[in-house]
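Participant: Coordinates in my_file.txt, compact mmCIF, C-alpha atoms, are listed below.
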# COMPACT_ATOMS: atom_id res chain seq x y z
CA MET S 1 9.51 13.21 -34.72
CA ALA S 2 12.05 15.18 -32.69
CA ARG S 3 12.67 18.89 -32.10
CA ILE S 4 16.15 19.86 -33.29
CA LEU S 5 18.01 23.13 -32.70
CA LEU S 6 20.38 24.22 -35.51
CA CYS S 7 22.91 27.04 -35.12
CA ASP S 8 25.40 28.05 -37.84
CA ASP S 9 26.36 31.51 -39.09
CA GLU S 10 26.23 30.23 -42.69
CA PRO S 11 22.61 30.37 -43.98
CA GLY S 12 23.41 27.84 -46.72
CA VAL S 13 24.47 25.21 -44.18
CA LEU S 14 21.34 25.84 -42.14
CA PHE S 15 19.14 25.50 -45.23
CA THR S 16 20.70 22.15 -46.17
CA LEU S 17 20.45 20.71 -42.65
CA LYS S 18 16.88 21.91 -42.30
CA GLU S 19 15.80 20.29 -45.57
CA VAL S 20 17.55 16.99 -44.77
CA LEU S 21 16.09 16.66 -41.30
CA ARG S 22 12.64 17.99 -42.14
CA ASP S 23 12.33 15.33 -44.87
CA ARG S 24 12.85 12.76 -42.11
CA GLY S 25 9.95 14.14 -40.07
CA HIS S 26 11.78 16.32 -37.55
CA GLU S 27 10.79 19.78 -36.37
CA LEU S 28 13.59 22.35 -36.78
CA ALA S 29 14.46 25.71 -35.23
CA THR S 30 17.33 27.49 -37.01
CA PHE S 31 19.54 30.32 -35.75
CA THR S 32 22.48 32.19 -37.25
CA SER S 33 23.17 33.85 -33.88
CA PRO S 34 24.40 31.69 -30.96
CA ARG S 35 22.90 34.16 -28.49
CA ASP S 36 19.48 33.82 -30.14
CA ALA S 37 19.86 30.02 -30.09
CA LEU S 38 20.68 30.12 -26.39
CA ALA S 39 17.73 32.41 -25.63
CA HIS S 40 15.34 29.94 -27.32
CA GLY S 41 17.21 26.74 -26.45
CA ASP S 42 14.53 25.05 -24.32
CA GLY S 43 12.49 21.96 -25.13
CA PHE S 44 14.74 20.39 -27.80
CA ASP S 45 15.65 16.73 -28.24
CA ALA S 46 19.05 17.45 -29.82
CA ALA S 47 21.15 20.34 -31.14
CA ILE S 48 23.65 20.84 -33.97
CA VAL S 49 26.01 23.80 -33.56
CA ASP S 50 28.90 25.06 -35.67
CA TYR S 51 32.28 25.23 -33.98
CA ALA S 52 33.57 28.43 -35.61
CA MET S 53 31.16 31.35 -35.24
CA PRO S 54 32.21 35.01 -34.76
CA GLU S 55 29.76 35.91 -31.99
CA MET S 56 30.37 32.85 -29.80
CA ASP S 57 32.24 29.64 -30.59
CA GLY S 58 30.46 26.31 -30.62
CA LEU S 59 32.04 24.99 -27.41
CA THR S 60 30.91 28.05 -25.43
CA LEU S 61 27.42 27.60 -26.83
CA LEU S 62 27.56 23.88 -26.02
CA ARG S 63 28.44 24.57 -22.37
CA ALA S 64 25.72 27.22 -22.10
CA LEU S 65 23.11 24.85 -23.55
CA HIS S 66 24.18 22.17 -21.07
CA GLU S 67 23.75 24.61 -18.20
CA LYS S 68 20.10 24.93 -19.23
CA ASP S 69 19.63 21.24 -20.07
CA PRO S 70 22.48 18.89 -19.01
CA ALA S 71 20.94 15.92 -20.86
CA LEU S 72 20.69 17.66 -24.26
CA PRO S 73 22.76 15.79 -26.91
CA VAL S 74 24.80 18.40 -28.85
CA LEU S 75 26.52 17.63 -32.15
CA VAL S 76 29.35 19.98 -33.22
CA LEU S 77 30.10 20.87 -36.85
CA THR S 78 33.82 21.18 -37.61
CA ALA S 79 35.82 21.94 -40.75
CA HIS S 80 37.66 19.13 -42.57
CA GLY S 81 41.05 18.40 -41.04
CA SER S 82 40.20 19.79 -37.60
CA GLU S 83 40.24 16.46 -35.75
CA LYS S 84 41.95 18.10 -32.77
CA VAL S 85 38.99 20.47 -32.45
CA ALA S 86 36.60 17.52 -32.68
CA VAL S 87 38.38 15.72 -29.82
CA GLY S 88 38.18 18.91 -27.76
CA ALA S 89 34.46 19.11 -28.47
CA MET S 90 33.93 15.53 -27.25
CA LYS S 91 35.87 16.29 -24.05
CA ALA S 92 33.69 19.38 -23.54
CA GLY S 93 30.58 17.19 -23.54
CA ALA S 94 29.55 17.00 -27.22
CA HIS S 95 27.58 13.89 -28.11
CA ASP S 96 29.27 13.63 -31.54
CA TYR S 97 30.88 15.76 -34.25
CA LEU S 98 30.22 16.15 -37.97
CA VAL S 99 32.89 17.16 -40.45
CA LYS S 100 32.17 19.67 -43.24
CA PRO S 101 31.40 19.00 -46.01
CA PHE S 102 29.10 16.45 -44.44
CA ASP S 103 27.23 13.49 -45.89
CA ILE S 104 23.47 14.01 -45.48
CA ASP S 105 22.81 10.36 -44.55
CA GLU S 106 25.51 10.50 -41.89
CA VAL S 107 23.92 13.66 -40.45
CA ALA S 108 20.48 12.04 -40.33
CA LEU S 109 21.87 8.90 -38.67
CA ALA S 110 23.86 10.91 -36.11
CA VAL S 111 20.76 12.92 -35.19
CA GLU S 112 18.63 9.79 -34.84
CA ARG S 113 21.23 8.24 -32.52
CA ALA S 114 21.36 11.42 -30.43
CA VAL S 115 17.56 11.55 -30.14
CA GLU S 116 17.41 7.86 -29.21
CA LEU S 117 20.03 8.41 -26.50
CA ARG S 118 18.03 11.35 -25.16
CA ARG S 119 14.87 9.27 -24.96
CA LEU S 120 16.64 6.32 -23.35
CA ARG S 121 17.99 8.66 -20.67
CA GLU S 122 14.54 10.11 -20.10
CA ARG S 123 13.01 6.63 -19.91
CA ASN S 124 15.59 5.52 -17.36
CA LEU S 125 14.89 8.60 -15.25
CA GLN S 126 11.17 7.91 -15.54
CA LEU S 127 11.61 4.28 -14.43
CA GLU S 128 13.68 5.40 -11.46
CA ALA S 129 11.02 7.95 -10.57
CA GLU S 130 8.23 5.35 -10.94
CA ARG S 131 10.04 3.10 -8.48
CA ALA S 132 10.47 6.03 -6.10
CA ILE S 133 6.81 7.14 -6.19
CA GLY S 134 5.39 3.61 -6.44
CA THR S 135 3.17 4.09 -9.46
CA THR S 136 3.33 3.58 -13.23
CA ILE S 137 3.40 6.70 -15.36
CA VAL S 138 1.34 6.46 -18.55
CA ALA S 139 2.19 9.03 -21.21
CA GLU S 140 1.60 8.14 -24.86
CA SER S 141 0.36 11.54 -26.04
CA PRO S 142 2.61 14.38 -27.29
CA PRO S 143 1.36 16.83 -24.59
CA MET S 144 2.34 14.37 -21.84
CA HIS S 145 5.72 13.69 -23.47
CA ARG S 146 6.41 17.41 -23.42
CA LEU S 147 5.28 17.68 -19.81
CA LEU S 148 7.53 14.82 -18.66
CA GLU S 149 10.47 16.31 -20.56
CA ALA S 150 9.89 19.62 -18.77
CA VAL S 151 9.62 17.84 -15.41
CA GLY S 152 12.93 16.08 -16.09
CA ARG S 153 14.65 19.37 -16.89
CA VAL S 154 13.22 21.26 -13.91
CA ALA S 155 13.35 18.57 -11.22
CA GLY S 156 17.09 18.81 -10.59
CA ARG S 157 17.04 22.59 -10.24
CA ASP S 158 16.17 23.74 -6.74
CA ILE S 159 13.49 26.24 -7.73
CA THR S 160 9.83 26.74 -6.91
CA VAL S 161 7.36 25.17 -9.34
CA LEU S 162 3.66 25.86 -9.87
CA VAL S 163 1.70 22.92 -11.34
CA ARG S 164 -1.60 23.91 -12.96
CA GLY S 165 -4.36 21.73 -14.33
CA GLU S 166 -7.98 20.73 -13.97
CA THR S 167 -9.11 18.61 -11.05
CA GLY S 168 -8.24 14.94 -11.55
CA THR S 169 -5.50 15.40 -14.16
CA GLY S 170 -2.67 14.06 -12.00
CA LYS S 171 -1.00 17.16 -10.58
CA GLU S 172 -0.03 15.20 -7.45
CA ILE S 173 1.95 12.71 -9.56
CA VAL S 174 3.84 15.57 -11.25
CA ALA S 175 4.70 16.95 -7.80
CA SER S 176 5.94 13.50 -6.72
CA LEU S 177 8.08 13.23 -9.85
CA LEU S 178 9.63 16.64 -9.22
CA HIS S 179 10.70 15.44 -5.77
CA ALA S 180 11.78 11.95 -6.86
CA GLN S 181 14.10 13.35 -9.56
CA SER S 182 15.49 16.18 -7.43
CA LYS S 183 18.61 16.51 -5.30
CA ARG S 184 16.25 16.44 -2.29
CA LYS S 185 14.87 12.98 -3.07
CA LYS S 186 16.39 11.51 0.11
CA GLY S 187 14.65 14.20 2.15
CA PRO S 188 10.98 14.22 3.18
CA LEU S 189 8.12 14.79 0.76
CA VAL S 190 5.33 16.49 2.72
CA ARG S 191 1.89 17.42 1.34
CA PHE S 192 -0.39 20.13 2.68
CA ASN S 193 -3.93 20.33 1.28
CA CYS S 194 -4.77 24.03 1.47
CA ALA S 195 -8.44 23.35 0.66
CA ALA S 196 -8.92 20.82 3.48
CA ILE S 197 -7.93 23.09 6.39
CA PRO S 198 -10.15 25.93 7.70
CA GLY S 199 -8.60 29.32 6.96
CA GLU S 200 -8.10 30.22 10.61
CA LEU S 201 -6.04 27.04 11.18
CA ALA S 202 -3.95 27.14 7.98
CA GLU S 203 -1.21 29.32 9.49
CA ALA S 204 -0.80 27.07 12.55
CA GLU S 205 -0.72 23.95 10.36
CA LEU S 206 1.88 25.39 7.99
CA PHE S 207 4.19 27.05 10.48
CA GLY S 208 3.42 25.16 13.71
CA HIS S 209 2.29 26.52 17.05
CA THR S 210 3.22 26.59 20.72
CA ARG S 211 1.20 25.13 23.55
CA GLY S 212 -1.66 27.46 24.45
CA ALA S 213 -1.24 29.58 21.32
CA PHE S 214 -5.01 29.38 20.78
CA THR S 215 -8.02 27.56 22.20
CA GLY S 216 -7.50 23.83 21.84
CA ALA S 217 -3.71 24.02 21.41
CA GLN S 218 -2.96 21.68 24.29
CA ALA S 219 0.52 20.81 23.02
CA ALA S 220 3.14 22.37 20.77
CA ARG S 221 3.09 21.13 17.18
CA ARG S 222 5.64 21.22 14.37
CA GLY S 223 4.18 22.69 11.20
CA TYR S 224 4.40 21.32 7.68
CA PHE S 225 7.34 23.59 6.83
CA ALA S 226 9.39 22.17 9.70
CA GLN S 227 8.39 18.62 8.79
CA ALA S 228 9.58 19.20 5.20
CA ASP S 229 12.95 20.69 6.20
CA GLY S 230 15.61 19.40 3.80
CA GLY S 231 12.98 18.12 1.39
CA THR S 232 9.93 19.21 -0.61
CA LEU S 233 6.67 20.73 0.59
CA VAL S 234 3.75 20.30 -1.81
CA LEU S 235 1.01 22.91 -1.38
CA ASP S 236 -2.05 21.30 -2.98
CA GLU S 237 -4.69 23.80 -4.18
CA VAL S 238 -2.63 26.76 -3.00
CA GLY S 239 -5.27 29.13 -4.41
CA GLU S 240 -7.54 28.25 -1.47
CA LEU S 241 -5.23 29.82 1.16
CA PRO S 242 -6.67 32.92 2.87
CA LEU S 243 -4.94 36.21 2.04
CA ALA S 244 -3.53 36.63 5.56
CA THR S 245 -1.79 33.26 5.35
CA GLN S 246 -0.59 34.06 1.83
CA ALA S 247 1.35 37.04 3.22
CA LYS S 248 3.16 34.83 5.73
CA LEU S 249 3.81 32.17 3.11
CA LEU S 250 5.42 34.83 0.92
CA ARG S 251 7.75 35.81 3.75
CA ALA S 252 8.68 32.17 4.36
CA LEU S 253 9.57 31.78 0.68
CA GLN S 254 11.57 35.01 0.53
CA GLU S 255 13.45 34.68 3.81
CA GLY S 256 13.57 30.92 4.34
CA GLU S 257 12.20 31.57 7.84
CA ILE S 258 9.04 30.64 9.73
CA GLN S 259 7.57 31.78 13.04
CA PRO S 260 5.29 29.31 14.83
CA VAL S 261 2.00 30.77 16.06
CA GLY S 262 2.38 31.98 19.66
CA SER S 263 6.18 31.99 19.49
CA GLY S 264 8.52 34.96 19.29
CA ARG S 265 11.24 32.72 17.88
CA VAL S 266 12.10 32.63 14.17
CA GLU S 267 13.24 29.29 12.71
CA LYS S 268 15.32 28.74 9.58
CA VAL S 269 13.98 26.13 7.14
CA ASP S 270 15.40 24.68 3.93
CA VAL S 271 12.37 23.68 1.88
CA ARG S 272 11.60 23.46 -1.82
CA ILE S 273 8.02 24.43 -2.65
CA VAL S 274 5.91 22.75 -5.32
CA ALA S 275 2.45 24.34 -5.47
CA SER S 276 -0.54 23.05 -7.40
CA THR S 277 -3.87 24.58 -8.34
CA HIS S 278 -6.83 24.15 -10.68
CA ARG S 279 -7.32 27.94 -10.70
CA ASP S 280 -5.79 30.61 -12.93
CA LEU S 281 -3.85 32.33 -10.14
CA LEU S 282 -2.89 35.34 -12.24
CA ALA S 283 -6.58 36.00 -12.94
CA GLU S 284 -7.30 35.43 -9.24
CA ALA S 285 -4.59 37.98 -8.38
CA GLN S 286 -6.05 40.53 -10.78
CA ALA S 287 -9.44 40.00 -9.09
CA GLY S 288 -7.87 40.61 -5.66
CA ARG S 289 -8.35 37.05 -4.42
CA PHE S 290 -4.68 36.04 -4.55
CA ARG S 291 -1.51 38.00 -3.89
CA GLU S 292 0.19 38.88 -7.16
CA ASP S 293 3.65 38.95 -5.55
CA LEU S 294 3.07 35.44 -4.18
CA TYR S 295 1.97 34.22 -7.60
CA TYR S 296 5.24 35.35 -9.19
CA ARG S 297 7.17 33.82 -6.30
CA LEU S 298 5.45 30.46 -6.79
CA ALA S 299 5.47 30.45 -10.60
CA VAL S 300 9.25 30.58 -11.12
CA VAL S 301 8.51 27.64 -13.41
CA GLU S 302 4.90 26.91 -14.36
CA LEU S 303 3.92 23.44 -15.60
CA PHE S 304 0.51 22.67 -17.10
CA VAL S 305 -1.02 19.19 -16.87
CA PRO S 306 -3.37 18.81 -19.86
CA PRO S 307 -6.93 17.51 -19.37
CA LEU S 308 -7.70 14.01 -20.60
CA SER S 309 -9.76 15.48 -23.46
CA GLN S 310 -6.49 16.85 -24.92
CA ARG S 311 -4.61 13.55 -24.61
CA ARG S 312 -6.91 10.92 -26.13
CA GLU S 313 -3.92 8.67 -26.88
CA ASP S 314 -3.53 8.13 -23.13
CA VAL S 315 -7.08 6.86 -22.47
CA ALA S 316 -6.56 3.25 -23.64
CA PRO S 317 -3.17 2.67 -21.92
CA LEU S 318 -4.47 4.33 -18.73
CA ALA S 319 -7.58 2.13 -18.79
CA ARG S 320 -5.45 -1.00 -19.26
CA GLU S 321 -3.15 0.02 -16.40
CA PHE S 322 -6.11 0.68 -14.07
CA ALA S 323 -7.67 -2.67 -15.05
CA ARG S 324 -4.39 -4.43 -14.20
CA ARG S 325 -4.02 -2.54 -10.92
CA TYR S 326 -7.57 -3.10 -9.67
CA GLY S 327 -7.62 -6.65 -10.99
CA GLU S 328 -4.67 -7.43 -8.73
CA ARG S 329 -6.29 -5.62 -5.81
CA PHE S 330 -9.65 -7.38 -6.15
CA GLY S 331 -8.25 -10.76 -7.22
CA VAL S 332 -10.00 -10.59 -10.61
CA GLY S 333 -8.21 -11.27 -13.90
CA CYS S 334 -9.61 -8.70 -16.36
CA SER S 335 -8.79 -7.39 -19.80
CA LEU S 336 -10.52 -4.68 -21.81
CA SER S 337 -11.84 -5.37 -25.31
CA ALA S 338 -10.98 -3.15 -28.27
CA PRO S 339 -14.61 -1.91 -28.66
CA LEU S 340 -14.68 -0.98 -24.96
CA LEU S 341 -11.39 0.92 -25.24
CA SER S 342 -12.72 2.76 -28.30
CA ARG S 343 -15.90 3.71 -26.44
CA LEU S 344 -13.86 4.93 -23.47
CA ALA S 345 -11.65 7.05 -25.75
CA GLU S 346 -14.73 8.76 -27.21
CA ARG S 347 -16.03 9.98 -23.86
CA PRO S 348 -15.43 13.58 -22.71
CA TRP S 349 -14.11 12.68 -19.19
CA PRO S 350 -14.84 15.99 -17.44
CA GLY S 351 -13.38 14.45 -14.27
CA ASN S 352 -10.18 13.57 -16.16
CA VAL S 353 -7.91 10.69 -15.11
CA ARG S 354 -9.56 10.35 -11.71
CA GLN S 355 -12.97 9.78 -13.32
CA LEU S 356 -11.50 7.23 -15.73
CA GLU S 357 -9.81 5.41 -12.85
CA ASN S 358 -13.04 5.26 -10.84
CA THR S 359 -14.92 3.99 -13.88
CA ILE S 360 -12.45 1.15 -14.46
CA ALA S 361 -12.40 0.33 -10.74
CA ARG S 362 -16.19 -0.10 -10.79
CA MET S 363 -16.05 -2.27 -13.89
CA VAL S 364 -13.43 -4.55 -12.39
CA ALA S 365 -15.22 -4.73 -9.02
CA LEU S 366 -18.42 -5.83 -10.77
CA SER S 367 -16.70 -8.24 -13.14
CA PRO S 368 -16.48 -12.02 -12.80
CA GLY S 369 -13.20 -11.80 -14.74
CA GLY S 370 -12.16 -12.32 -18.35
CA GLU S 371 -12.47 -9.81 -21.15
CA LEU S 372 -14.77 -6.87 -20.51
CA GLY S 373 -16.86 -5.61 -23.39
CA VAL S 374 -18.94 -2.48 -23.95
CA GLU S 375 -21.71 -3.95 -21.83
CA ALA S 376 -19.51 -3.40 -18.76
CA LEU S 377 -20.39 0.29 -19.02
CA ALA S 378 -23.90 -0.64 -17.85
CA GLY S 379 -22.41 -1.21 -14.39
CA GLU S 380 -21.86 2.50 -13.93
CA ALA S 381 -24.30 4.42 -11.77
CA PRO S 382 -25.34 7.44 -13.87
CA ARG S 383 -25.83 10.79 -12.20
CA PRO S 384 -27.86 13.72 -13.53
CA GLY S 385 -25.83 15.49 -16.16
CA SER S 386 -23.17 12.74 -16.36
CA ASP S 387 -21.97 11.12 -19.59
CA ALA S 388 -22.96 7.59 -18.50
CA GLU S 389 -25.07 5.77 -21.04
CA PRO S 390 -26.83 2.37 -21.18
CA ALA S 391 -24.90 -0.35 -22.97
CA GLU S 392 -26.33 -1.52 -26.26
CA GLY S 393 -28.05 -4.90 -26.34
CA LEU S 394 -29.11 -5.01 -22.65
CA SER S 395 -32.73 -5.11 -21.58
CA LEU S 396 -34.19 -2.63 -19.11
CA LYS S 397 -34.22 -5.36 -16.42
CA GLU S 398 -30.53 -6.16 -17.03
CA GLN S 399 -29.55 -2.50 -16.87
CA VAL S 400 -31.51 -1.98 -13.64
CA GLU S 401 -29.86 -5.04 -12.09
CA ALA S 402 -26.41 -3.85 -13.17
CA LEU S 403 -27.12 -0.46 -11.61
CA GLU S 404 -28.41 -2.05 -8.39
CA ARG S 405 -25.35 -4.29 -8.14
CA SER S 406 -23.10 -1.26 -8.65
CA LEU S 407 -24.87 0.70 -5.90
CA ILE S 408 -24.50 -2.19 -3.46
CA VAL S 409 -20.80 -2.59 -4.26
CA ARG S 410 -20.21 1.13 -3.71
CA ALA S 411 -22.18 1.15 -0.43
CA LEU S 412 -20.20 -1.83 0.88
CA ALA S 413 -16.94 -0.15 -0.10
CA ALA S 414 -17.97 3.10 1.61
CA ALA S 415 -18.91 1.12 4.75
CA HIS S 416 -15.61 -0.81 4.64
CA GLY S 417 -17.52 -4.11 4.34
CA ASN S 418 -19.86 -3.46 7.28
CA GLN S 419 -23.17 -4.89 6.01
CA SER S 420 -25.38 -3.16 8.58
CA GLU S 421 -23.83 0.22 7.76
CA ALA S 422 -24.14 -0.46 4.01
CA ALA S 423 -27.83 -1.35 4.45
CA ARG S 424 -28.38 1.89 6.40
CA ARG S 425 -26.73 3.88 3.61
CA LEU S 426 -28.97 2.19 1.03
CA GLY S 427 -32.12 2.69 3.12
CA THR S 428 -32.94 -1.01 3.35
CA SER S 429 -32.72 -3.84 5.90
CA ARG S 430 -29.65 -6.00 6.44
CA GLY S 431 -31.67 -9.10 5.46
CA THR S 432 -32.68 -7.55 2.12
CA LEU S 433 -29.10 -6.52 1.50
CA LEU S 434 -27.88 -10.08 2.16
CA ASP S 435 -30.46 -11.45 -0.31
CA LYS S 436 -29.27 -8.99 -2.95
CA MET S 437 -25.64 -9.82 -2.28
CA LYS S 438 -26.38 -13.52 -2.76
CA LYS S 439 -28.31 -12.78 -5.96
CA TYR S 440 -25.40 -10.82 -7.47
CA GLY S 441 -22.64 -13.11 -6.25
CA LEU S 442 -21.28 -10.62 -3.75
What does this structure look like when you write it as structure tokens?

Facilitator:
Amino acid sequence: MARILLCDDEPGVLFTLKEVLRDRGHELATFTSPRDALAHGDGFDAAIVDYAMPEMDGLTLLRALHEKDPALPVLVLTAHGSEKVAVGAMKAGAHDYLVKPFDIDEVALAVERAVELRRLRERNLQLEAERAIGTTIVAESPPMHRLLEAVGRVAGRDITVLVRGETGTGKEIVASLLHAQSKRKKGPLVRFNCAAIPGELAEAELFGHTRGAFTGAQAARRGYFAQADGGTLVLDEVGELPLATQAKLLRALQEGEIQPVGSGRVEKVDVRIVASTHRDLLAEAQAGRFREDLYYRLAVVELFVPPLSQRREDVAPLAREFARRYGERFGVGCSLSAPLLSRLAERPWPGNVRQLENTIARMVALSPGGELGVEALAGEAPRPGSDAEPAEGLSLKEQVEALERSLIVRALAAAHGNQSEAARRLGTSRGTLLDKMKKYGL
């Protein structure tokens, strides 16, 4: 299914095109006014526009649509015998032209070719971005397709973007994609975690400081804005910034200037801002916890990353990708059985993609290799209120041993392989830990 924009000042032509393309499973938006079509011309896979319209001709509309979305394939309808016009349309950037009266099968085929070209272009851009950010992007669900299409349209435009979504949905990957597909991709990509820095230090970290600007400032330091000059600065969890720092961030965005703490000198910076948050910043602004003017400055374009519960089609391919990735890391060849994938897809995943990734990482770490079945879920360490459940067919002793093995693996990982530290974390002796490790083949 594709979303197609149709614009023709003849209602009869629109009706025919709509019926033909809807029968082939496409979603249509029809307009008799080119200005209305342009006002609503976002998020389409292809467009069909008439050449001769009184309000605005088809080539003007074509150029205006391409200003909004340069990759949009546009087909132009021309009258019979107007081959010269058709050639002009192709030179102006039309993907193809259709001659009236048109053959309905030819229209359907032309649209399918245009949509396929659009998706090939998007896939190529995605592959380039994957190489740039060093990770595979999994997006089988319609919500994720729409998100990636929006990212592709916005990335090349040097505007501020606000990425919203629950914790663990992958907002950081969206921010990386926006940079990787932008004109600034050869510049630095710098991340600042607003939630990880105490409020009183946030200003100095963002804008830099001079030596002696405050207690402990033994040397001058370039801030994150200066480090990101010519590139992209990602403000993770921007809703956690204190109000005083928000005011100075607003000025930096408006003026393109920063003033290091303790300095009377103003510095020019050329930085694109991508902000992310799990909060509803407009609601936060209305409650007085976030500056409303800063919200509107950040949310020039707002992208929403859907939770995993709204993209069930992505669970199985994500799980397979994580199994491949951690199998390579741990030196274990693993695959996931169909029943296990079905069970994973049924879970609520309140922690979203991050929770799924951690779950698969534990399974692979505990696995001897081969195909993992539903019983692999017994290796998870359940927490109060979590959705972990015992695997069917395992005795109490087997489930306890699987849990114990999982706890030891996690303690060793947290201690970076230091057995004495892992034993301390587990509240046992190093000798007991070594016995357990031998028992479980660790």

Participant: Could you jot down the atom CA of Leu235 of chain S to atom CA of Pro70 of chain S separation for me, Å, one decimal place?

Facilitator: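 Separation between atom CA of Leu235 of chain S and atom CA of Pro70 of chain S: 28.1 Å.
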
Participant: Could you list as JSON, numbers by chain every residue that has an atom within 12 Å of (9.8, 7.0, -9.1), using the file's coordinates and counting all atoms listed in the file?

Facilitator: {"S": [123, 124, 125, 126, 127, 128, 129, 130, 131, 132, 133, 134, 135, 136, 137, 152, 173, 174, 175, 176, 177, 178, 179, 180, 181, 182, 185]}

Participant: Every residue with an atom at most 12 Å from (3.2, 26.2, -12.0) (file coordinates; all atoms listed in the file) is what I'm after, so could you write them as a ChimeraX atom specification?

Facilitator: /S:147,150-151,154,159-165,171,174-175,178,234-239,273-282,295-305

Participant: Skip Gln419 of chain S itself and residues of its chain fewer than 4 positions away, then list as a ChimeraX atom specification all residues within 7 Å of it, counting all atoms listed in the file.

Facilitator: /S:412,423,430

Participant: Report, in Å to a single decimal, how far apart atom CA of Ser82 of chain S and atom CA of Ala46 of chain S are.

Facilitator: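 Value for the atom CA of Ala46 of chain S-atom CA of Ser82 of chain S distance: 22.7 Å.
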
Participant: For the structure just given, write the atoms of segment 357-378 of chain S, namely C-alpha atoms, as a compact mmCIF listing (two decimals), in the first residue's frame.

Facilitator:
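Final output, saved to selection.txt:
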# COMPACT_ATOMS: atom_id res chain seq x y z
CA GLU S 357 17.76 -6.22 23.63
CA ASN S 358 18.77 -6.98 27.23
CA THR S 359 16.50 -10.02 27.26
CA ILE S 360 18.07 -11.45 24.10
CA ALA S 361 21.57 -10.62 25.35
CA ARG S 362 20.91 -12.67 28.51
CA MET S 363 19.52 -15.57 26.52
CA VAL S 364 22.54 -15.67 24.23
CA ALA S 365 25.00 -15.28 27.12
CA LEU S 366 23.42 -18.26 28.88
CA SER S 367 23.12 -20.38 25.74
CA PRO S 368 25.43 -23.20 24.65
CA GLY S 369 24.45 -22.34 21.07
CA GLY S 370 21.99 -23.72 18.54
CA GLU S 371 18.30 -22.93 18.35
CA LEU S 372 16.78 -21.32 21.41
CA GLY S 373 13.28 -22.36 22.40
CA VAL S 374 10.71 -20.97 24.83
CA GLU S 375 12.61 -22.56 27.70
CA ALA S 376 15.34 -19.93 27.20
CA LEU S 377 13.00 -17.45 28.88
CA ALA S 378 13.66 -19.28 32.16
